[in-house]
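J.: Submitted below is the structure of interest, expressed as structure tokens.
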There are 2 protein chains.
Amino acid sequence: MQDGQSESRGEAPEKTPLVKEIPPKARDLSEWYQAVCYKAQLVSLAPVRGCVVLRPYGFGLWERLQAALDYRFKSTGHENAYFPLLIPESLMARESEHIEGFAPEVAWVTQGGGEKLAERLAIRPTSEVIVGTMYAEWVQSYRDLPILINQWVNVVRWEKRTRPFLRTLEFLWQEGHTAHASEQEAQAEVAQMLGIYADVADGICAVPVYAGEKSASERFAGATHTFSIEALMPDGKALQSATSHELGQNFSRAYGITFAAEDQSLQHAWTTSWGMSWRMLGGMIMVHGDDRGLRIPPKMAPIEAVIVPILKGESSDVREAARDLHNTLRGAGVRVRLDERDALRPGAKFADWEMRGVPLRIEIGANDLRSGVVTLVRRDLEKGEEGAKVVCPAGAVAEKIPGLMDEIQRSLYVQAHAFLTSHTLATSDRDEFYRLCRDRAGMIDIAWCDRTECEAHVKAQTSATTRNLRPKDEGDTVCVACGEPARVRAYFAQSY
Amino acid sequence: MQDGQSESRGEAPEKTPLVKEIPPKARDLSEWYQAVCYKAQLVSLAPVRGCVVLRPYGFGLWERLQAALDYRFKSTGHENAYFPLLIPESLMARESEHIEGFAPEVAWVTQGGGEKLAERLAIRPTSEVIVGTMYAEWVQSYRDLPILINQWVNVVRWEKRTRPFLRTLEFLWQEGHTAHASEQEAQAEVAQMLGIYADVADGICAVPVYAGEKSASERFAGATHTFSIEALMPDGKALQSATSHELGQNFSRAYGITFAAEDQSLQHAWTTSWGMSWRMLGGMIMVHGDDRGLRIPPKMAPIEAVIVPILKGESSDVREAARDLHNTLRGAGVRVRLDERDALRPGAKFADWEMRGVPLRIEIGANDLRSGVVTLVRRDLEKGEEGAKVVCPAGAVAEKIPGLMDEIQRSLYVQAHAFLTSHTLATSDRDEFYRLCRDRAGMIDIAWCDRTECEAHVKAQTSATTRNLRPKDEGDTVCVACGEPARVRAYFAQSY
């Protein structure tokens with residue numbers, strides 16, 4: 001199984017590789033990553049080039065992420081809707097930067113109902129075009145604003161290589177689209193949604209991120225400002241995990257979203273869009289996993305705890321106790337699984353659930369039963385580490401679990417945060433800057449000139465680009481990369 | 001605005017008609033239906049021929065239906081997953097009946113990433129093909145069975161005419177796909193899912209349905225048995241609202257879903273599929289609506305209650321009281337909206353929310369405030385009908401609402417059930433049968449021969465077809481339609 005193998009094979013889809021063992025994570029992150037995704041049954045490669053199937057365990061992760069985002073979107077006044085999959089070419093062409101940016105990635109429908117179509121239809125790579133067209137129909141007066149809509153959909157972008165979650169021809173995401181009466185309000189919306197993304201990455205996925213504005217060359221096609229959250233992967237590459245765009249009045253002008261203002265003047269609306277995809281799951285997997293496989297933060301875990309009865313011979317009383325505990329925990333609202341598979345020995349089950357990243361394992365054996373206890377094993381700690389394995393009275397498990405889940409969530413975040421911090425490297429030395437970029441040393445933090453030429457030069461030399469920008473510090477006078485006047489601070493890194 | 005107008009206009013998409021007034025429902029159901037769908041902001045016509053946009057209020061209905069189904073799917077052991085949108089033509093062609101059935105409706109992607117594709121890709125009209133291919137990869141042993149998977153997705157079928165929810169080129173649905181070790185188990189699954197559909201139609205949408213098996217000519221392409229639920233619309237036409245299919249071993253053989261049984265023999269799995277789409281919403285709208293617009297059953301209502309403050313001059317105390325009540329009801333878990341629009345007078349707001357089908361209106365005026373009461377107005381009853389308008393102490397509203405919602409839900413169901421019952425017409429007279437079918441008198445219930453030729457004859461004469469079948473009663477000896485021996489009882493009706 002090699003990364004990017006599909007590239008050379010043209011249209012022929014790969015078969016999902018059979019993974020016997022998970023290779024060491026430190027040896028080759030990409031190899032480890034794909035092995036984990038397949039072996040943990042998160043995804044399979046589909047019989048269509050560039051596409052994956054999200055299997056139930058992987059979809060369980062997506063459902064957790066969806067719920068966390070959807071709750072926050074609705075709490076901030078957004079509603080869900082659904083816009084069509086197909087976009088007529090002529091409509092798409094009206095915003096010229098947008099079509100230029102996306103045209104090379106578009107899949108085209110040219111035949112339908114047994115006939116050749118008069119006009120090609122694009123499968124949406126994103127929906128600003130169709131949303132803008134509808135908003136033009138729906139908005140007449142300032143009273144119709146703001147419009148705050150989100151949709152959960154599939155999109156298609158014609159990618160050559162497949163990496164589960166990170167890059168696929170079709171992917172699932174949410175895309176928010178809003179229209180406002182003023183630029184200020186649109187800016188506040190974009191900032192709010194960026195904040196929600198950072199909150200969900202940090203607080204739910206336990207993936208610390210840097211939030212900031214993208215440079216001009218990394219901006220969304222048709223946007224006036226693009227903001228992102230960026231996470232750091234264990235190989236020193238950054239993963240853009242969500243974006244939030246100010247579209248200014250570009251799409252309003254192209255699609256005619258006008259409104260009568262309070263003073264009766266006719267104005268163009270200010271629009272925004274923002275999106276997070278299943279890519280976030282890929283980041284979470286890479287950040288937390290280890291040589292044993294996945295480690296899923298409890299708030300994202302489809303299964304928070306698994307009960308493994310240690311059955312020897314008959315042990316019907318152990319089985320009975322395990323089932324009782326299973327019912328008790330389910331009743332207490334814990335997402336718990338009871339593993340009664342007869343064909344596997346306990347050790348094999350332990351390894352299987354560790355590989356699948358379940359935060360907590362609960363073992364019950366005959367001795368435990370006699371003593372009225374169970375053994376709790378945490379996935380976030382190393383074997384033998386203090387607290388990794390504790391004995392707990394069987395009757396106290398249900399009330400202990402919520403606190404334990406919080407602890408595991410926090411512990412995974414702390415580990416990831418320590419990595420990000422220790423790999424965020426500020427420098428004011430030009431040679432060191434280029435070396436660190438080239439070495440993929442992490443998030444390389446410099447005073448920067450904010451010039452496209454400078455960024456292009458760094459990219460040519462090191463493959464690194466700006467990840468995002470923030471206001472410069474006092475004392476930042478010259479660009480570390482080129483010596484021109486500094487205008488901002490920027491994180492540079494190679495990116496996924 | 002005429003039904004089917006888009007048909008004659010080829011590829012040019014219609015604009016959403018501006019609806020000033022809802023026409024009488026009894027005059028022309030189709031005209032009434034489309035007017036309601038647009039005016040209540042459930043849908044807009046999209047700038048792509050044959051497609052609609054599901055607006056937030058319409059999507060709110062879909063979210064309620066999704067939640068009701070998803071809960072029941074998960075409670076019966078099913079998990080969600082996601083399979084790709086695109087299906088290679090060669091893969092699709094492996095099940096010959098299936099491809100024959102669907103080929104005329106397929107939209108084909110022939111270009112991607114700037115290049116002509118070596119093989120056309122179908123946009124899924126349904127996913128048996130790709131699911132079957134994956135199940136073949138995932139299933140080795142009887143221990144891997146059953147697989148119980150559902151997905152919530154968009155599908156495309158190249159339809160010529162557009163009617164919101166009922167018939168669109170792209171639509172949203174769920175499709176369940178399961179694989180089993182025995183035919184018996186697959187049969188039980190199909191029956192279970194049909195039961196869930198009937199339960200949701202009846203209990204959540206308040207739409208009574210008949211559940212039964214489809215005749216051979218109405219069977220899903222590739223299925224051995226198809227079952228459906230059928231609702232009766234006010235114009236006497238039936239609406240097929242969900243289907244559940246036994247696929248036998250057809251797809252297992254075509255896609256190679258084999259497993260080692262307990263006795264080590266290699267066997268083909270038995271598969272099923274079942275689906276309900278947003279079409280159910282169209283049925284619900286037609287069944288319950290009246291001349292004032294929508295009437296939404298409380299369990300499906302995105303907004304259960306709307307508070308309309310009767311503001312005269314300042315009335316800041318009325319406004320305050322309305323806000324307090326809004327907070328109280330929200331805190332109590334009621335899906336409640338406060339209408340503070342300044343540009344509309346109370347009467348206009350009443351008509352607006354009635355048109356949008358909100359089950360309960362809560363009015364607060366200055367007099368009410370002084371007396372410590374509010375006025376509750378039910379949408380399910382006619383104006384002036386007993387109980388339609390009641391005065392309630394302001395402090396008792398929160399605790400009164402759940403009971404009221406149950407009552408309204410039940411009252412809508414009772415009205416719909418009375419219509420279905422009074423329009424279910426059993427006959428043993430051949431002439432009367434043909435006349436009733438031709439007149440669209442409702443569900444015409446006869447002893448039937450179960451022959452395709454007979455059904456084709458009835459269809460040619462009356463446009464009616466079998467809706468679904470059930471075991472014949474004692475005394476059913478001859479087919480009412482043709483005089484051959486009776487084998488079943490069947491409902492005949494013209495269908496949507």
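By convention here, the chains of the structure tokens are called A, B, ... in the order presented, each chain's residues are numbered starting at 1, and ligands are numbered starting at 1 in the order presented.
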As number ranges by chain, could you give me every residue of chain B near chain A (at most 7 Å apart, counting only C-alpha atoms)?

T.: B: 48, 51-56, 59, 79-84, 86-88, 104-114, 158

J.: Write out as a PyMOL selection string each polymer residue whose atoms come within 9 Å of stretch 447-463 of chain A, counting only C-alpha atoms; drop sequence neighbours fewer than 4 positions from it.

T.: chain A and resi 215-217+426-428+434-440+469+472-473+476-490+493-495

J.: Contacts of B:Pro17 at 10 Å or less, counting only C-alpha atoms, minus same-chain residues fewer than 2 places along, as an mmCIF file with C-alpha atoms, in the first residue's frame?

T.:
```cif
data_model
loop_
_atom_site.group_PDB
_atom_site.id
_atom_site.type_symbol
_atom_site.label_atom_id
_atom_site.label_comp_id
_atom_site.auth_asym_id
_atom_site.auth_seq_id
_atom_site.Cartn_x
_atom_site.Cartn_y
_atom_site.Cartn_z
ATOM 1 C CA MET B 1 -48.851 28.442 -12.673
ATOM 2 C CA GLN B 2 -49.733 25.195 -14.349
ATOM 3 C CA GLU B 14 -38.971 27.825 -14.564
ATOM 4 C CA LYS B 15 -38.820 30.690 -12.085
ATOM 5 C CA VAL B 19 -48.140 33.348 -5.170
ATOM 6 C CA LYS B 20 -50.459 36.132 -4.007
ATOM 7 C CA GLN B 34 -47.867 24.186 -5.561
ATOM 8 C CA ALA B 35 -49.160 27.538 -4.328
ATOM 9 C CA TYR B 38 -44.073 28.208 -2.612
ATOM 10 C CA LYS B 39 -45.991 30.662 -0.445
ATOM 11 C CA SER B 44 -38.325 27.357 -4.455
ATOM 12 C CA LEU B 45 -37.774 26.240 -8.010
#
```

J.: From the options B:Met443, B:Pro302, B:Arg337, B:Arg470, which residue's atoms come nearest to B:Phe419, counting only C-alpha atoms?

T.: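 Of all the options, B:Met443 lies closest to B:Phe419.
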
J.: Going by DSSP on the backbone, which bits of stretch 119-348 of chain A are alpha helix (DSSP H)? Write them as a PyMOL selection string, please.

T.: chain A and resi 128-138+183-203+250-255+279-288+316-331+346-348

J.: Give me the residues within 8 Å of stretch 64-72 of chain B as a list in words, counting only C-alpha atoms and dropping any in the same chain fewer than 4 places off.

T.: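 Residues near the query, excluding close chain neighbours: Gly60, Thr76, Ile196, Tyr197, Val200, Ile204, Lys299, Met300, Ala301 and Pro302 of chain B.
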
J.: Could you write out, as a count of residues only, all the residues of stretch 42-238 of chain A that DSSP marks as strand (DSSP E)?

T.: 61

J.: In Å, rounded to a single decimal, give me how far atom CA of B:Tyr496 is from atom CA of B:Asn250.

T.: 28.6 Å

J.: With distances taken over only C-alpha atoms, which residue among A:Pro208, A:Gly289, A:Gly101, A:Gly77 lies nearest A:Pro24?

T.: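 Residue with the minimum atom-to-atom distance to A:Pro24: A:Gly289.
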
J.: So which one's closest to B:Tyr255, B:Glu128, B:Glu363, B:Glu218, B:Glu185? Using only C-alpha atoms, please.

T.: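 Closest to B:Tyr255 of all the choices is B:Glu128.
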
J.: Give me the residues near stretch 95-97 of chain A as a ChimeraX atom specification, where near means some atom within 7 Å (using only C-alpha atoms) and where sequence neighbours in that chain fewer than 2 positions away do not count.

T.: /A:92-93,99-101,221-222,251,254

J.: Go ahead and dump the residues you just picked, C-alpha atoms, as an mmCIF file, in the first residue's frame.

T.:
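Result file is part.cif:
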```cif
data_model
loop_
_atom_site.group_PDB
_atom_site.id
_atom_site.type_symbol
_atom_site.label_atom_id
_atom_site.label_comp_id
_atom_site.auth_asym_id
_atom_site.auth_seq_id
_atom_site.Cartn_x
_atom_site.Cartn_y
_atom_site.Cartn_z
ATOM 1 C CA MET A 92 -21.431 29.183 -12.829
ATOM 2 C CA ALA A 93 -19.510 31.345 -15.239
ATOM 3 C CA ILE A 99 -15.239 29.677 -12.200
ATOM 4 C CA GLU A 100 -11.541 30.072 -12.973
ATOM 5 C CA GLY A 101 -10.638 28.664 -9.578
ATOM 6 C CA ALA A 221 -11.769 31.873 -5.446
ATOM 7 C CA GLY A 222 -14.072 34.893 -5.336
ATOM 8 C CA PHE A 251 -21.280 37.271 -5.542
ATOM 9 C CA ALA A 254 -22.552 38.568 -10.109
#
```

J.: Can you tell me, as a VMD selection string, what residues are no more than 8 Å from B:Met284 when counting only C-alpha atoms, ignoring any on the same chain fewer than 4 positions away?

T.: chain B and resid 205 to 207 280 288 296

J.: Suppose we keep N, CA and C atoms; can you now write the selection as an mmCIF file, in the first residue's frame?

T.:
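The result, written out as again.cif:
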```
data_model
loop_
_atom_site.group_PDB
_atom_site.id
_atom_site.type_symbol
_atom_site.label_atom_id
_atom_site.label_comp_id
_atom_site.auth_asym_id
_atom_site.auth_seq_id
_atom_site.Cartn_x
_atom_site.Cartn_y
_atom_site.Cartn_z
ATOM 1 N N CYS B 205 -46.510 11.622 10.902
ATOM 2 C CA CYS B 205 -47.062 12.496 9.859
ATOM 3 C C CYS B 205 -48.589 12.552 9.919
ATOM 4 N N ALA B 206 -49.192 11.728 10.761
ATOM 5 C CA ALA B 206 -50.653 11.668 10.880
ATOM 6 C C ALA B 206 -51.316 11.342 9.536
ATOM 7 N N VAL B 207 -50.622 10.567 8.734
ATOM 8 C CA VAL B 207 -51.143 10.146 7.428
ATOM 9 C C VAL B 207 -51.398 8.634 7.481
ATOM 10 N N MET B 280 -42.807 11.827 1.153
ATOM 11 C CA MET B 280 -43.727 11.693 2.292
ATOM 12 C C MET B 280 -44.231 13.064 2.733
ATOM 13 N N HIS B 288 -53.389 17.107 4.835
ATOM 14 C CA HIS B 288 -53.867 17.924 5.956
ATOM 15 C C HIS B 288 -54.237 19.363 5.604
ATOM 16 N N ILE B 296 -49.818 21.558 9.780
ATOM 17 C CA ILE B 296 -48.736 20.597 10.046
ATOM 18 C C ILE B 296 -49.001 19.881 11.359
#
```

J.: Hey, what's within 8 Å of stretch 262-271 of chain A if we count only C-alpha atoms and toss same-chain stuff fewer than 6 positions away? As a PyMOL selection string, please?

T.: chain A and resi 142+177-183+186+246-249+251-253+256

J.: Kindly export the residues of the current selection with N, CA and C atoms, as a short mmCIF file (atom, residue, chain, number, x, y, z; two decimals), in the first residue's frame.

T.:
```
data_model
loop_
_atom_site.label_atom_id
_atom_site.label_comp_id
_atom_site.auth_asym_id
_atom_site.auth_seq_id
_atom_site.Cartn_x
_atom_site.Cartn_y
_atom_site.Cartn_z
N TYR A 142 -34.30 45.20 3.19
CA TYR A 142 -33.41 44.99 4.33
C TYR A 142 -34.08 44.10 5.38
N HIS A 177 -23.89 29.69 4.19
CA HIS A 177 -23.97 30.81 3.25
C HIS A 177 -24.86 31.87 3.87
N THR A 178 -24.31 33.04 4.07
CA THR A 178 -25.12 34.09 4.68
C THR A 178 -25.06 35.37 3.84
N ALA A 179 -26.13 36.17 3.98
CA ALA A 179 -26.20 37.47 3.30
C ALA A 179 -26.60 38.52 4.33
N HIS A 180 -25.94 39.67 4.25
CA HIS A 180 -26.11 40.70 5.28
C HIS A 180 -26.29 42.06 4.62
N ALA A 181 -26.85 42.98 5.44
CA ALA A 181 -27.09 44.33 4.94
C ALA A 181 -25.83 45.20 5.01
N SER A 182 -24.85 44.78 5.81
CA SER A 182 -23.65 45.63 5.93
C SER A 182 -22.39 44.78 5.95
N GLU A 183 -21.30 45.40 5.56
CA GLU A 183 -20.01 44.71 5.56
C GLU A 183 -19.61 44.32 6.98
N ALA A 186 -21.29 41.21 8.05
CA ALA A 186 -20.71 40.04 7.36
C ALA A 186 -19.37 39.67 8.00
N GLU A 246 -15.11 35.99 3.79
CA GLU A 246 -15.85 37.19 3.42
C GLU A 246 -15.87 37.24 1.89
N LEU A 247 -17.07 37.27 1.31
CA LEU A 247 -17.17 37.33 -0.14
C LEU A 247 -17.42 38.76 -0.63
N GLY A 248 -17.43 39.71 0.31
CA GLY A 248 -17.66 41.10 -0.07
C GLY A 248 -18.98 41.23 -0.82
N GLN A 249 -18.97 42.00 -1.90
CA GLN A 249 -20.18 42.09 -2.73
C GLN A 249 -19.95 41.40 -4.08
N PHE A 251 -20.21 38.17 -5.10
CA PHE A 251 -21.28 37.27 -5.54
C PHE A 251 -22.61 38.02 -5.65
N SER A 252 -22.81 39.02 -4.80
CA SER A 252 -24.03 39.84 -4.90
C SER A 252 -24.12 40.51 -6.24
N ARG A 253 -22.97 41.02 -6.69
CA ARG A 253 -22.97 41.70 -8.00
C ARG A 253 -23.15 40.69 -9.13
N GLY A 256 -26.81 39.26 -8.52
CA GLY A 256 -27.90 40.22 -8.37
C GLY A 256 -28.62 40.18 -7.04
#
```

J.: For the atom pair atom CA of A:Gly331 and atom CA of A:Val306, what is the interatomic distance in Å to one decimal place?

T.: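 According to the coordinates, atom CA of A:Gly331 and atom CA of A:Val306 are separated by 14.9 Å.
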
J.: To one decimal in Å, tell me the separation between atom CA of A:Ala198 and atom CA of A:Gly275.

T.: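 Separation between atom CA of A:Ala198 and atom CA of A:Gly275: 12.2 Å.
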